[in-house]
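> The structure file structure.json (JSON, C-alpha atoms (C1' of nucleotides)) is provided below.
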```
[["chain", "number", "residue", "atom", "x", "y", "z"],
["A", 1, "MET", "CA", -1.93, 4.44, -2.41],
["A", 2, "PRO", "CA", -2.91, 3.68, 1.12],
["A", 3, "GLU", "CA", 0.03, 3.35, 3.49],
["A", 4, "LEU", "CA", -0.04, 3.38, 7.29],
["A", 5, "PRO", "CA", -1.60, 6.85, 7.82],
["A", 6, "GLU", "CA", -4.32, 6.26, 5.23],
["A", 7, "VAL", "CA", -5.15, 2.81, 6.61],
["A", 8, "GLU", "CA", -5.33, 4.26, 10.12],
["A", 9, "VAL", "CA", -7.77, 6.94, 8.94],
["A", 10, "VAL", "CA", -9.93, 4.16, 7.50],
["A", 11, "ARG", "CA", -9.68, 2.07, 10.68],
["A", 12, "ALA", "CA", -10.73, 4.97, 12.86],
["A", 13, "GLY", "CA", -13.58, 5.74, 10.50],
["A", 14, "LEU", "CA", -14.80, 2.15, 10.67],
["A", 15, "VAL", "CA", -15.08, 2.08, 14.47],
["A", 16, "PRO", "CA", -18.42, 3.88, 14.79],
["A", 17, "VAL", "CA", -19.73, 2.17, 11.66],
["A", 18, "VAL", "CA", -19.17, -1.48, 12.59],
["A", 19, "GLN", "CA", -18.54, -1.84, 16.32],
["A", 20, "GLY", "CA", -21.38, -3.69, 18.02],
["A", 21, "ARG", "CA", -23.27, -4.28, 14.78],
["A", 22, "THR", "CA", -24.32, -7.71, 13.54],
["A", 23, "ILE", "CA", -24.05, -8.81, 9.91],
["A", 24, "VAL", "CA", -27.27, -10.05, 8.32],
["A", 25, "GLY", "CA", -26.27, -10.38, 4.68],
["A", 26, "VAL", "CA", -23.24, -10.34, 2.37],
["A", 27, "GLN", "CA", -23.06, -9.78, -1.36],
["A", 28, "VAL", "CA", -19.85, -10.45, -3.32],
["A", 29, "LEU", "CA", -19.90, -8.61, -6.64],
["A", 30, "HIS", "CA", -16.41, -9.70, -7.69],
["A", 31, "PRO", "CA", -14.94, -13.00, -6.52],
["A", 32, "ARG", "CA", -11.31, -11.81, -6.61],
["A", 33, "SER", "CA", -11.95, -9.36, -3.81],
["A", 34, "VAL", "CA", -12.39, -12.32, -1.47],
["A", 35, "ARG", "CA", -8.79, -13.44, -1.06],
["A", 36, "ARG", "CA", -7.11, -16.12, 1.00],
["A", 37, "HIS", "CA", -10.51, -17.20, 2.26],
["A", 38, "ALA", "CA", -10.34, -20.96, 2.84],
["A", 39, "GLY", "CA", -13.76, -21.78, 1.39],
["A", 40, "GLY", "CA", -13.80, -19.15, -1.36],
["A", 41, "PRO", "CA", -16.42, -16.45, -1.96],
["A", 42, "ASP", "CA", -19.43, -18.74, -1.46],
["A", 43, "ASP", "CA", -18.28, -19.78, 1.98],
["A", 44, "PHE", "CA", -17.43, -16.13, 2.78],
["A", 45, "VAL", "CA", -21.02, -15.17, 2.04],
["A", 46, "ALA", "CA", -22.38, -18.07, 4.06],
["A", 47, "THR", "CA", -20.21, -17.73, 7.14],
["A", 48, "LEU", "CA", -20.47, -14.02, 7.98],
["A", 49, "PRO", "CA", -24.16, -13.50, 8.80],
["A", 50, "GLY", "CA", -24.92, -13.59, 12.52],
["A", 51, "ARG", "CA", -21.48, -12.36, 13.57],
["A", 52, "THR", "CA", -21.04, -9.16, 15.60],
["A", 53, "PHE", "CA", -18.09, -6.80, 15.14],
["A", 54, "GLY", "CA", -15.81, -5.59, 17.91],
["A", 55, "GLU", "CA", -13.35, -2.69, 17.54],
["A", 56, "PRO", "CA", -11.37, -2.56, 14.27],
["A", 57, "ARG", "CA", -7.59, -2.92, 14.60],
["A", 58, "ARG", "CA", -4.54, -2.40, 12.43],
["A", 59, "ARG", "CA", -0.93, -3.45, 12.04],
["A", 60, "GLY", "CA", 1.01, -1.68, 9.33],
["A", 61, "LYS", "CA", -1.25, -1.63, 6.28],
["A", 62, "PHE", "CA", -3.38, -4.59, 7.39],
["A", 63, "LEU", "CA", -6.78, -4.08, 8.98],
["A", 64, "TRP", "CA", -8.72, -6.62, 10.94],
["A", 65, "LEU", "CA", -12.26, -6.33, 12.22],
["A", 66, "PRO", "CA", -12.61, -8.73, 15.15],
["A", 67, "PHE", "CA", -15.86, -10.54, 15.77],
["A", 68, "THR", "CA", -17.13, -11.16, 19.28],
["A", 69, "ASP", "CA", -16.91, -14.91, 18.56],
["A", 70, "GLY", "CA", -13.09, -14.79, 18.33],
["A", 71, "ASP", "CA", -12.75, -14.80, 14.54],
["A", 72, "ALA", "CA", -11.93, -11.70, 12.48],
["A", 73, "LEU", "CA", -12.58, -10.16, 9.10],
["A", 74, "VAL", "CA", -9.18, -9.25, 7.67],
["A", 75, "ALA", "CA", -8.82, -6.54, 5.03],
["A", 76, "HIS", "CA", -6.03, -5.17, 2.91],
["A", 77, "LEU", "CA", -6.70, -2.12, 0.76],
["A", 78, "GLY", "CA", -3.92, -2.89, -1.72],
["A", 79, "MET", "CA", -3.56, -0.07, -4.24],
["A", 80, "SER", "CA", -7.08, 1.24, -4.38],
["A", 81, "GLY", "CA", -9.29, -0.48, -1.81],
["A", 82, "GLN", "CA", -11.85, 1.63, 0.02],
["A", 83, "PHE", "CA", -14.45, 1.07, 2.69],
["A", 84, "ARG", "CA", -17.47, 3.27, 2.19],
["A", 85, "VAL", "CA", -20.55, 3.83, 4.30],
["A", 86, "ASP", "CA", -23.75, 4.23, 2.34],
["A", 87, "ALA", "CA", -27.49, 3.81, 2.40],
["A", 88, "ALA", "CA", -28.53, 0.36, 1.23],
["A", 89, "ASP", "CA", -30.50, 1.83, -1.66],
["A", 90, "ALA", "CA", -27.79, 4.32, -2.71],
["A", 91, "PRO", "CA", -26.48, 3.67, -6.23],
["A", 92, "LEU", "CA", -23.37, 1.52, -6.36],
["A", 93, "LEU", "CA", -20.11, 3.26, -7.14],
["A", 94, "LEU", "CA", -18.18, 1.77, -10.03],
["A", 95, "HIS", "CA", -15.84, -0.99, -8.75],
["A", 96, "THR", "CA", -17.97, -1.89, -5.76],
["A", 97, "ARG", "CA", -16.87, -5.44, -4.90],
["A", 98, "VAL", "CA", -18.50, -6.46, -1.60],
["A", 99, "ARG", "CA", -21.52, -5.25, 0.39],
["A", 100, "LEU", "CA", -22.32, -5.96, 4.04],
["A", 101, "ASP", "CA", -25.79, -5.47, 5.49],
["A", 102, "PHE", "CA", -26.53, -5.30, 9.21],
["A", 103, "THR", "CA", -29.43, -6.44, 11.38],
["A", 104, "ASP", "CA", -30.14, -2.85, 12.45],
["A", 105, "GLY", "CA", -30.51, -1.65, 8.87],
["A", 106, "GLU", "CA", -28.71, 1.51, 7.75],
["A", 107, "PRO", "CA", -26.01, 2.20, 6.88],
["A", 108, "GLN", "CA", -24.49, -0.46, 4.67],
["A", 109, "LEU", "CA", -20.73, -1.08, 4.48],
["A", 110, "ARG", "CA", -19.18, -1.39, 1.03],
["A", 111, "PHE", "CA", -15.75, -2.46, -0.19],
["A", 112, "ILE", "CA", -14.71, -0.75, -3.40],
["A", 113, "ASP", "CA", -11.49, -1.55, -5.27],
["A", 114, "GLN", "CA", -10.61, -0.39, -8.77],
["A", 115, "ARG", "CA", -7.27, -2.18, -9.26],
["A", 116, "MET", "CA", -8.15, -5.16, -7.11],
["A", 117, "PHE", "CA", -4.88, -5.62, -5.29],
["A", 118, "GLY", "CA", -6.86, -5.53, -2.07],
["A", 119, "GLY", "CA", -9.23, -8.03, -0.56],
["A", 120, "LEU", "CA", -11.16, -9.44, 2.38],
["A", 121, "TRP", "CA", -11.13, -12.78, 4.16],
["A", 122, "LEU", "CA", -12.20, -14.42, 7.38],
["A", 123, "SER", "CA", -9.44, -15.42, 9.78],
["A", 124, "PRO", "CA", -10.60, -18.17, 12.16],
["A", 125, "GLY", "CA", -9.50, -17.32, 15.70],
["A", 126, "GLY", "CA", -8.00, -14.07, 14.44],
["A", 127, "ALA", "CA", -9.69, -11.60, 16.77],
["A", 128, "GLU", "CA", -6.53, -10.93, 18.81],
["A", 129, "VAL", "CA", -3.96, -11.15, 15.98],
["A", 130, "PRO", "CA", -4.84, -13.03, 12.77],
["A", 131, "SER", "CA", -2.40, -15.85, 12.04],
["A", 132, "ASP", "CA", -2.01, -14.54, 8.48],
["A", 133, "LEU", "CA", -0.43, -11.43, 9.98],
["A", 134, "ALA", "CA", 2.15, -13.21, 12.10],
["A", 135, "HIS", "CA", 4.91, -12.33, 9.64],
["A", 136, "VAL", "CA", 4.03, -8.63, 9.60],
["A", 137, "ALA", "CA", 6.51, -6.64, 11.69],
["A", 138, "PRO", "CA", 5.42, -3.96, 14.17],
["A", 139, "ASP", "CA", 4.78, -0.52, 12.73],
["A", 140, "LEU", "CA", 6.29, 2.79, 13.78],
["A", 141, "LEU", "CA", 3.16, 4.11, 15.47],
["A", 142, "GLU", "CA", 2.88, 1.21, 17.93],
["A", 143, "PRO", "CA", 3.27, 2.55, 21.47],
["A", 144, "ASP", "CA", 5.65, -0.08, 22.90],
["A", 145, "LEU", "CA", 8.00, -0.15, 19.92],
["A", 146, "ASP", "CA", 11.64, -1.05, 20.57],
["A", 147, "LEU", "CA", 13.18, 1.48, 18.19],
["A", 148, "VAL", "CA", 16.79, 0.53, 18.85],
["A", 149, "GLY", "CA", 16.02, -3.16, 18.35],
["A", 150, "LEU", "CA", 14.23, -2.26, 15.14],
["A", 151, "ALA", "CA", 17.19, -0.20, 13.92],
["A", 152, "ASP", "CA", 19.51, -3.13, 14.52],
["A", 153, "SER", "CA", 17.17, -5.44, 12.66],
["A", 154, "VAL", "CA", 17.22, -3.02, 9.72],
["A", 155, "ARG", "CA", 21.02, -3.04, 9.85],
["A", 156, "ARG", "CA", 21.14, -6.81, 9.54],
["A", 157, "HIS", "CA", 20.00, -6.50, 5.92],
["A", 158, "ARG", "CA", 22.40, -6.09, 3.05],
["A", 159, "SER", "CA", 19.94, -4.40, 0.64],
["A", 160, "GLY", "CA", 19.61, -0.69, 0.08],
["A", 161, "ILE", "CA", 17.86, 1.13, 2.91],
["A", 162, "LYS", "CA", 14.72, 1.84, 0.93],
["A", 163, "ARG", "CA", 14.20, -1.81, 0.05],
["A", 164, "VAL", "CA", 14.50, -2.64, 3.74],
["A", 165, "LEU", "CA", 12.04, 0.10, 4.73],
["A", 166, "LEU", "CA", 9.53, -1.35, 2.28],
["A", 167, "ASP", "CA", 9.96, -4.90, 3.62],
["A", 168, "GLN", "CA", 6.90, -5.41, 5.81],
["A", 169, "LYS", "CA", 8.64, -8.30, 7.60],
["A", 170, "VAL", "CA", 11.19, -5.80, 8.97],
["A", 171, "VAL", "CA", 9.02, -2.78, 9.70],
["A", 172, "SER", "CA", 5.44, -2.44, 8.54],
["A", 173, "GLY", "CA", 3.31, 0.39, 7.25],
["A", 174, "ILE", "CA", 5.83, 2.19, 5.02],
["A", 175, "GLY", "CA", 5.14, 2.34, 1.27],
["A", 176, "ASN", "CA", 6.79, 4.15, -1.61],
["A", 177, "ILE", "CA", 5.58, 7.63, -0.68],
["A", 178, "TYR", "CA", 6.64, 7.71, 2.96],
["A", 179, "ALA", "CA", 9.88, 5.84, 2.25],
["A", 180, "ASP", "CA", 10.93, 8.61, -0.13],
["A", 181, "GLU", "CA", 9.78, 11.33, 2.27],
["A", 182, "ALA", "CA", 11.54, 9.77, 5.28],
["A", 183, "LEU", "CA", 14.82, 9.33, 3.40],
["A", 184, "TRP", "CA", 14.68, 12.95, 2.24],
["A", 185, "ARG", "CA", 14.10, 14.17, 5.79],
["A", 186, "ALA", "CA", 17.01, 12.09, 7.04],
["A", 187, "ARG", "CA", 19.21, 13.11, 4.07],
["A", 188, "VAL", "CA", 19.94, 9.51, 3.12],
["A", 189, "HIS", "CA", 20.27, 8.13, -0.42],
["A", 190, "PHE", "CA", 17.73, 5.37, -1.07],
["A", 191, "ASP", "CA", 20.30, 2.82, -2.22],
["A", 192, "THR", "CA", 22.63, 3.14, 0.77],
["A", 193, "PRO", "CA", 23.38, -0.41, 1.98],
["A", 194, "ALA", "CA", 21.52, -0.83, 5.27],
["A", 195, "ASP", "CA", 24.25, -2.96, 6.81],
["A", 196, "GLY", "CA", 26.78, -0.20, 6.28],
["A", 197, "MET", "CA", 24.79, 2.44, 8.14],
["A", 198, "SER", "CA", 25.45, 3.41, 11.73],
["A", 199, "ARG", "CA", 22.78, 2.74, 14.32],
["A", 200, "ALA", "CA", 22.31, 6.49, 14.82],
["A", 201, "ARG", "CA", 21.80, 7.06, 11.10],
["A", 202, "VAL", "CA", 19.22, 4.29, 10.84],
["A", 203, "LEU", "CA", 17.50, 5.69, 13.94],
["A", 204, "ARG", "CA", 17.30, 9.08, 12.21],
["A", 205, "VAL", "CA", 15.63, 7.46, 9.19],
["A", 206, "LEU", "CA", 13.12, 5.60, 11.37],
["A", 207, "ALA", "CA", 12.39, 8.72, 13.40],
["A", 208, "ALA", "CA", 11.82, 10.63, 10.17],
["A", 209, "ALA", "CA", 9.46, 7.92, 8.91],
["A", 210, "ARG", "CA", 7.49, 7.98, 12.12],
["A", 211, "GLU", "CA", 7.36, 11.77, 12.07],
["A", 212, "VAL", "CA", 6.18, 12.08, 8.47],
["A", 213, "MET", "CA", 3.53, 9.40, 8.92],
["A", 214, "ALA", "CA", 2.24, 11.02, 12.11],
["A", 215, "GLU", "CA", 1.98, 14.36, 10.32],
["A", 216, "ALA", "CA", 0.17, 12.74, 7.40],
["A", 217, "LEU", "CA", -2.24, 11.02, 9.77],
["A", 218, "ALA", "CA", -3.06, 14.35, 11.37],
["A", 219, "GLN", "CA", -3.91, 15.69, 7.90],
["A", 220, "GLY", "CA", -6.20, 12.78, 7.09],
["A", 221, "GLY", "CA", -3.63, 11.01, 4.90],
["A", 222, "THR", "CA", -2.28, 11.60, 1.39],
["A", 223, "SER", "CA", -4.74, 11.75, -1.51],
["A", 224, "PHE", "CA", -3.70, 12.31, -5.13],
["A", 225, "ASP", "CA", -6.95, 11.27, -6.71],
["A", 226, "ALA", "CA", -10.16, 9.42, -5.90],
["A", 227, "LEU", "CA", -8.25, 6.21, -5.13],
["A", 228, "TYR", "CA", -7.76, 7.04, -1.48],
["A", 229, "VAL", "CA", -10.60, 8.51, 0.55],
["A", 230, "ASN", "CA", -11.93, 7.88, 4.04],
["A", 231, "VAL", "CA", -15.13, 5.95, 4.80],
["A", 232, "ASN", "CA", -17.17, 9.08, 4.07],
["A", 233, "GLY", "CA", -15.50, 9.63, 0.69],
["A", 234, "SER", "CA", -13.36, 12.60, 1.81],
["A", 235, "SER", "CA", -9.75, 13.13, 0.75],
["A", 236, "GLY", "CA", -6.73, 13.76, 2.97],
["A", 237, "TYR", "CA", -4.62, 16.86, 2.64],
["A", 238, "PHE", "CA", -1.03, 15.67, 3.09],
["A", 239, "SER", "CA", -0.19, 15.57, -0.63],
["A", 240, "ARG", "CA", 0.46, 19.30, -0.49],
["A", 241, "ALA", "CA", 3.06, 18.72, 2.24],
["A", 242, "LEU", "CA", 5.14, 16.19, 0.31],
["A", 243, "SER", "CA", 8.75, 17.24, -0.25],
["A", 244, "VAL", "CA", 9.98, 14.83, -2.94],
["A", 245, "TYR", "CA", 7.36, 12.23, -3.89],
["A", 246, "GLY", "CA", 5.74, 13.13, -7.21],
["A", 247, "ARG", "CA", 7.87, 16.29, -7.45],
["A", 248, "GLU", "CA", 10.35, 15.39, -10.18],
["A", 249, "GLY", "CA", 12.01, 18.52, -11.55],
["A", 250, "LEU", "CA", 10.59, 20.78, -8.84],
["A", 251, "PRO", "CA", 12.95, 22.45, -6.38],
["A", 252, "CYS", "CA", 14.01, 20.64, -3.22],
["A", 253, "PRO", "CA", 12.30, 22.51, -0.35],
["A", 254, "ARG", "CA", 15.63, 22.57, 1.51],
["A", 255, "CYS", "CA", 18.21, 23.55, -1.11],
["A", 256, "GLY", "CA", 16.36, 24.29, -4.34],
["A", 257, "THR", "CA", 18.06, 21.59, -6.41],
["A", 258, "PRO", "CA", 15.62, 19.92, -8.83],
["A", 259, "ILE", "CA", 14.20, 16.68, -7.44],
["A", 260, "ARG", "CA", 15.14, 13.57, -9.40],
["A", 261, "ARG", "CA", 13.07, 10.50, -10.12],
["A", 262, "VAL", "CA", 14.74, 7.20, -10.99],
["A", 263, "ALA", "CA", 13.41, 3.71, -11.66],
["A", 264, "PHE", "CA", 13.48, 1.51, -8.59],
["A", 265, "ALA", "CA", 12.06, -1.99, -8.11],
["A", 266, "ASN", "CA", 9.18, -1.64, -10.59],
["A", 267, "ARG", "CA", 8.32, 1.78, -9.21],
["A", 268, "SER", "CA", 10.11, 5.09, -8.69],
["A", 269, "SER", "CA", 12.39, 6.73, -6.19],
["A", 270, "HIS", "CA", 12.28, 10.48, -5.70],
["A", 271, "PHE", "CA", 15.19, 12.24, -4.03],
["A", 272, "CYS", "CA", 17.28, 15.39, -3.90],
["A", 273, "PRO", "CA", 20.63, 14.71, -5.60],
["A", 274, "ARG", "CA", 22.32, 17.31, -3.41],
["A", 275, "CYS", "CA", 20.81, 16.63, 0.04],
["A", 276, "GLN", "CA", 20.85, 12.87, -0.41],
["A", 277, "ARG", "CA", 24.28, 12.00, -1.76],
["A", 278, "ARG", "CA", 25.30, 8.41, -2.02],
["A", 279, "ARG", "CA", 28.09, 7.80, 0.47],
["A", 280, "ALA", "CA", 31.28, 5.98, -0.43],
["B", 281, "DA", "C1'", 18.83, -18.22, 4.23],
["B", 282, "DC", "C1'", 18.72, -14.28, 1.84],
["B", 283, "DT", "C1'", 17.82, -11.15, -2.06],
["B", 284, "DA", "C1'", 15.72, -9.64, -6.28],
["B", 285, "DT", "C1'", 12.25, -9.86, -9.71],
["B", 286, "DA", "C1'", 7.75, -11.08, -12.08],
["B", 287, "DT", "C1'", 3.01, -11.02, -11.38],
["B", 288, "DC", "C1'", -1.52, -9.58, -10.46],
["B", 289, "DC", "C1'", -5.03, -5.42, -11.91],
["B", 290, "DT", "C1'", -7.35, -1.15, -14.26],
["B", 291, "DG", "C1'", -7.56, 3.66, -15.41],
["B", 292, "DT", "C1'", -5.07, 7.66, -16.86],
["B", 293, "DA", "C1'", -1.51, 9.95, -19.29],
["B", 294, "DT", "C1'", 1.62, 10.19, -23.00],
["B", 295, "DG", "C1'", 3.76, 9.28, -27.62],
["B", 296, "DC", "C1'", 3.49, 8.36, -32.43],
["C", 297, "DT", "C1'", -8.40, 10.41, -33.90],
["C", 298, "DG", "C1'", -6.88, 6.12, -32.49],
["C", 299, "DC", "C1'", -3.88, 2.79, -31.09],
["C", 300, "DA", "C1'", 0.01, 1.30, -28.28],
["C", 301, "DT", "C1'", 2.79, 1.86, -24.42],
["C", 302, "DA", "C1'", 4.18, 3.50, -19.78],
["C", 303, "DC", "C1'", 2.97, 4.19, -15.20],
["C", 304, "DA", "C1'", 0.85, 3.93, -10.56],
["C", 305, "DG", "C1'", 2.49, -0.09, -6.70],
["C", 306, "DG", "C1'", 1.47, -3.85, -2.04],
["C", 307, "DA", "C1'", 2.20, -8.38, -1.25],
["C", 308, "DT", "C1'", 3.72, -12.74, -2.61],
["C", 309, "DA", "C1'", 5.34, -16.65, -5.46],
["C", 310, "DT", "C1'", 9.23, -17.85, -7.62],
["C", 311, "DA", "C1'", 13.82, -17.54, -9.37],
["C", 312, "DG", "C1'", 18.53, -16.89, -8.49]]
```
Turn the structure described in the file into structure tokens.


Amino acid sequence: MPELPEVEVVRAGLVPVVQGRTIVGVQVLHPRSVRRHAGGPDDFVATLPGRTFGEPRRRGKFLWLPFTDGDALVAHLGMSGQFRVDAADAPLLLHTRVRLDFTDGEPQLRFIDQRMFGGLWLSPGGAEVPSDLAHVAPDLLEPDLDLVGLADSVRRHRSGIKRVLLDQKVVSGIGNIYADEALWRARVHFDTPADGMSRARVLRVLAAAREVMAEALAQGGTSFDALYVNVNGSSGYFSRALSVYGREGLPCPRCGTPIRRVAFANRSSHFCPRCQRRRA
DNA sequence: ACTATATCCTGTATGC
DNA sequence: TGCATACAGGATATAG
């Protein structure tokens, strides 16, 4: 499940693969992988050739690959999206959805997506910041982030803290894994109302989220299976450093109490019932 | 305006 | 063995 660290690994991997290269041909193998594109898959195929990529960028879990003409190719990996670099005549992996060929030949860029929650589209004029991403809040690894302002914006919400952390309009890049990990590090119960938390406590949660995502990034991201890999097909190593996510019944690394998993918003929350008590 | 839920997807794991 | 069900979950449309 690609969250901020995994998407950043992909972005960095794309830089040497696409920057300065010009598209010559596009093949869409599954129409649903072209999303939000105004003219649909046919127009997507027709409009890309001749465009030259600049340096790939990211906000939260969204990627955009600017073109030198001012437009941008926007990408979201969803649950299982991958960019892979391969020889044009290499056999297609199962679930390959889109192929891009370049004027200079090898290698080819491929978009692969098993569960198809991800997708690609062209954003006219989107090279600087695509208009479709205007609602996406800053993420915790942005250099000029106003952390106190962000904490206060979190505290304006009445929902439980985890719901707020997952709301990409409030703070972007955090998904289910790093939300659970950050809350464990900060010793906060996931359902604590955000508007009842002190500024300092929210700041501790945000600092923990930033810390755990930075550590994961340094490890190449979190891989459980073949659904998240970098552009070369390699896995990240952070899954072995997770403290609560996917560890139901295993001892809390801090106090030894068995980790609990409970249903939460169509997914799961993992937490230590002793370290992360719900406050009155 | 704000909050919560259903929906889209497919492969893997589990239960009967 | 085989069939049915649960689960993984990011973003968004829709319902409340």

> Listing only residues of chain B within 9 Å of chain C, what is the closest atom pair and its distance in Å (to one decimal) for each, using all atoms listed in the file, sorted by chain and residue number ascending, as JSON lines?


```
{"residue": "B:DT283", "atom": "C1'", "partner": "C:DG312", "partner_atom": "C1'", "distance": 8.6}
{"residue": "B:DA284", "atom": "C1'", "partner": "C:DG312", "partner_atom": "C1'", "distance": 8.1}
{"residue": "B:DT285", "atom": "C1'", "partner": "C:DA311", "partner_atom": "C1'", "distance": 7.8}
{"residue": "B:DA286", "atom": "C1'", "partner": "C:DT310", "partner_atom": "C1'", "distance": 8.2}
{"residue": "B:DT287", "atom": "C1'", "partner": "C:DA309", "partner_atom": "C1'", "distance": 8.5}
{"residue": "B:DT292", "atom": "C1'", "partner": "C:DC303", "partner_atom": "C1'", "distance": 8.9}
{"residue": "B:DA293", "atom": "C1'", "partner": "C:DC303", "partner_atom": "C1'", "distance": 8.4}
{"residue": "B:DT294", "atom": "C1'", "partner": "C:DA302", "partner_atom": "C1'", "distance": 7.9}
{"residue": "B:DG295", "atom": "C1'", "partner": "C:DT301", "partner_atom": "C1'", "distance": 8.1}
{"residue": "B:DC296", "atom": "C1'", "partner": "C:DA300", "partner_atom": "C1'", "distance": 8.9}
```

> Please list as JSON, numbers by chain every residue within 12 Å of stretch 25-29 of chain A, counting all atoms listed in the file and excluding residues in the same chain fewer than 4 positions away.

{"A": [33, 34, 35, 40, 41, 42, 43, 44, 45, 46, 47, 48, 49, 50, 51, 88, 92, 93, 94, 95, 96, 97, 98, 99, 100, 101, 102, 103, 104, 105, 108, 109, 110, 111, 112, 113, 119, 120, 121]}

> May I ask you to extract the residues of chain A within 9 Å of chain B, using all atoms listed in the file, and to give them as a PyMOL selection string?

chain A and resi 114-117+157-159+265-266

> Within 8 Å of chain C, which residues of chain A are there when counting all atoms listed in the file? Please give them as a list of chain:residue names.

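Residues satisfying the distance criterion: A:Met1, A:Gly78, A:Met79, A:Phe117, A:Gly175, A:Asn176, A:Asn266, A:Arg267.
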
> Can you measure atom CA of A:Glu128 to atom CA of A:Phe53 for me? One decimal in Å is fine.

12.8 Å

> Residues near stretch 161-163 of chain A, anyone? I mean within 9 Å using all atoms listed in the file, not counting same-chain ones fewer than 4 positions away, as a short mmCIF file (atom, residue, chain, number, x, y, z; two decimals) with C-alpha atoms, in the coordinates of the input.


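Result went into out18.cif, see below:
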```cif
data_model
loop_
_atom_site.label_atom_id
_atom_site.label_comp_id
_atom_site.auth_asym_id
_atom_site.auth_seq_id
_atom_site.Cartn_x
_atom_site.Cartn_y
_atom_site.Cartn_z
CA VAL A 154 17.22 -3.02 9.72
CA ARG A 155 21.02 -3.04 9.85
CA HIS A 157 20.00 -6.50 5.92
CA ASP A 167 9.96 -4.90 3.62
CA ASN A 176 6.79 4.15 -1.61
CA ALA A 179 9.88 5.84 2.25
CA ASP A 180 10.93 8.61 -0.13
CA LEU A 183 14.82 9.33 3.40
CA VAL A 188 19.94 9.51 3.12
CA HIS A 189 20.27 8.13 -0.42
CA PHE A 190 17.73 5.37 -1.07
CA ASP A 191 20.30 2.82 -2.22
CA THR A 192 22.63 3.14 0.77
CA PRO A 193 23.38 -0.41 1.98
CA ALA A 194 21.52 -0.83 5.27
CA ASP A 195 24.25 -2.96 6.81
CA MET A 197 24.79 2.44 8.14
CA VAL A 202 19.22 4.29 10.84
CA ALA A 265 12.06 -1.99 -8.11
CA SER A 269 12.39 6.73 -6.19
#
```

> Between atom CA of A:Arg84 and atom CA of A:Val231, measure the distance and give it in Å to one decimal.

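Computed distance, atom CA of A:Arg84 to atom CA of A:Val231, equals 4.4 Å.
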
> How many Å lie between atom CA of A:Ala207 and atom CA of A:Leu65, rounded to one decimal?

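Separating atom CA of A:Ala207 from atom CA of A:Leu65 is a distance of 28.9 Å.
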
> Which residues are near stretch 253-255 of chain A? Cut-off 12 Å, only C-alpha atoms (C1' of nucleotides), ignore same chain within fewer than 5 positions. Put them as a PyMOL selection string.

chain A and resi 181+184-187+241-245+247+271-276

> Please write the residues from the selection above to a file, keeping C-alpha atoms, as a PDB file, in the frame of the given file.


```pdb
ATOM      1  CA  GLU A 181       9.780  11.330   2.270  1.00  0.00           C
ATOM      2  CA  TRP A 184      14.680  12.950   2.240  1.00  0.00           C
ATOM      3  CA  ARG A 185      14.100  14.170   5.790  1.00  0.00           C
ATOM      4  CA  ALA A 186      17.010  12.090   7.040  1.00  0.00           C
ATOM      5  CA  ARG A 187      19.210  13.110   4.070  1.00  0.00           C
ATOM      6  CA  ALA A 241       3.060  18.720   2.240  1.00  0.00           C
ATOM      7  CA  LEU A 242       5.140  16.190   0.310  1.00  0.00           C
ATOM      8  CA  SER A 243       8.750  17.240  -0.250  1.00  0.00           C
ATOM      9  CA  VAL A 244       9.980  14.830  -2.940  1.00  0.00           C
ATOM     10  CA  TYR A 245       7.360  12.230  -3.890  1.00  0.00           C
ATOM     11  CA  ARG A 247       7.870  16.290  -7.450  1.00  0.00           C
ATOM     12  CA  PHE A 271      15.190  12.240  -4.030  1.00  0.00           C
ATOM     13  CA  CYS A 272      17.280  15.390  -3.900  1.00  0.00           C
ATOM     14  CA  PRO A 273      20.630  14.710  -5.600  1.00  0.00           C
ATOM     15  CA  ARG A 274      22.320  17.310  -3.410  1.00  0.00           C
ATOM     16  CA  CYS A 275      20.810  16.630   0.040  1.00  0.00           C
ATOM     17  CA  GLN A 276      20.850  12.870  -0.410  1.00  0.00           C
TER      18      GLN A 276
END
```

> Compile the contact shell of A:Ala72 as a tab-separated table (two decimals) with C-alpha atoms, keeping the file's coordinate frame: residues with an atom at most 9 Å away, counting all atoms listed in the file, same-chain residues fewer than 3 positions apart removed.


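Okay, this is what ended up in selection.tsv:
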```tsv
chain	number	residue	atom	x	y	z
A	53	PHE	CA	-18.09	-6.80	15.14
A	64	TRP	CA	-8.72	-6.62	10.94
A	65	LEU	CA	-12.26	-6.33	12.22
A	66	PRO	CA	-12.61	-8.73	15.15
A	67	PHE	CA	-15.86	-10.54	15.77
A	68	THR	CA	-17.13	-11.16	19.28
A	69	ASP	CA	-16.91	-14.91	18.56
A	121	TRP	CA	-11.13	-12.78	4.16
A	122	LEU	CA	-12.20	-14.42	7.38
A	123	SER	CA	-9.44	-15.42	9.78
A	124	PRO	CA	-10.60	-18.17	12.16
A	125	GLY	CA	-9.50	-17.32	15.70
A	126	GLY	CA	-8.00	-14.07	14.44
A	127	ALA	CA	-9.69	-11.60	16.77
A	128	GLU	CA	-6.53	-10.93	18.81
A	129	VAL	CA	-3.96	-11.15	15.98
A	130	PRO	CA	-4.84	-13.03	12.77
```

> Set the distance at 7 Å and use all atoms listed in the file: which residues neighbour A:Val171 once local chain neighbours fewer than 3 positions away are removed? I'd like the list as an MDAnalysis selection string.

chainID A and resid 137:139 165 167:168
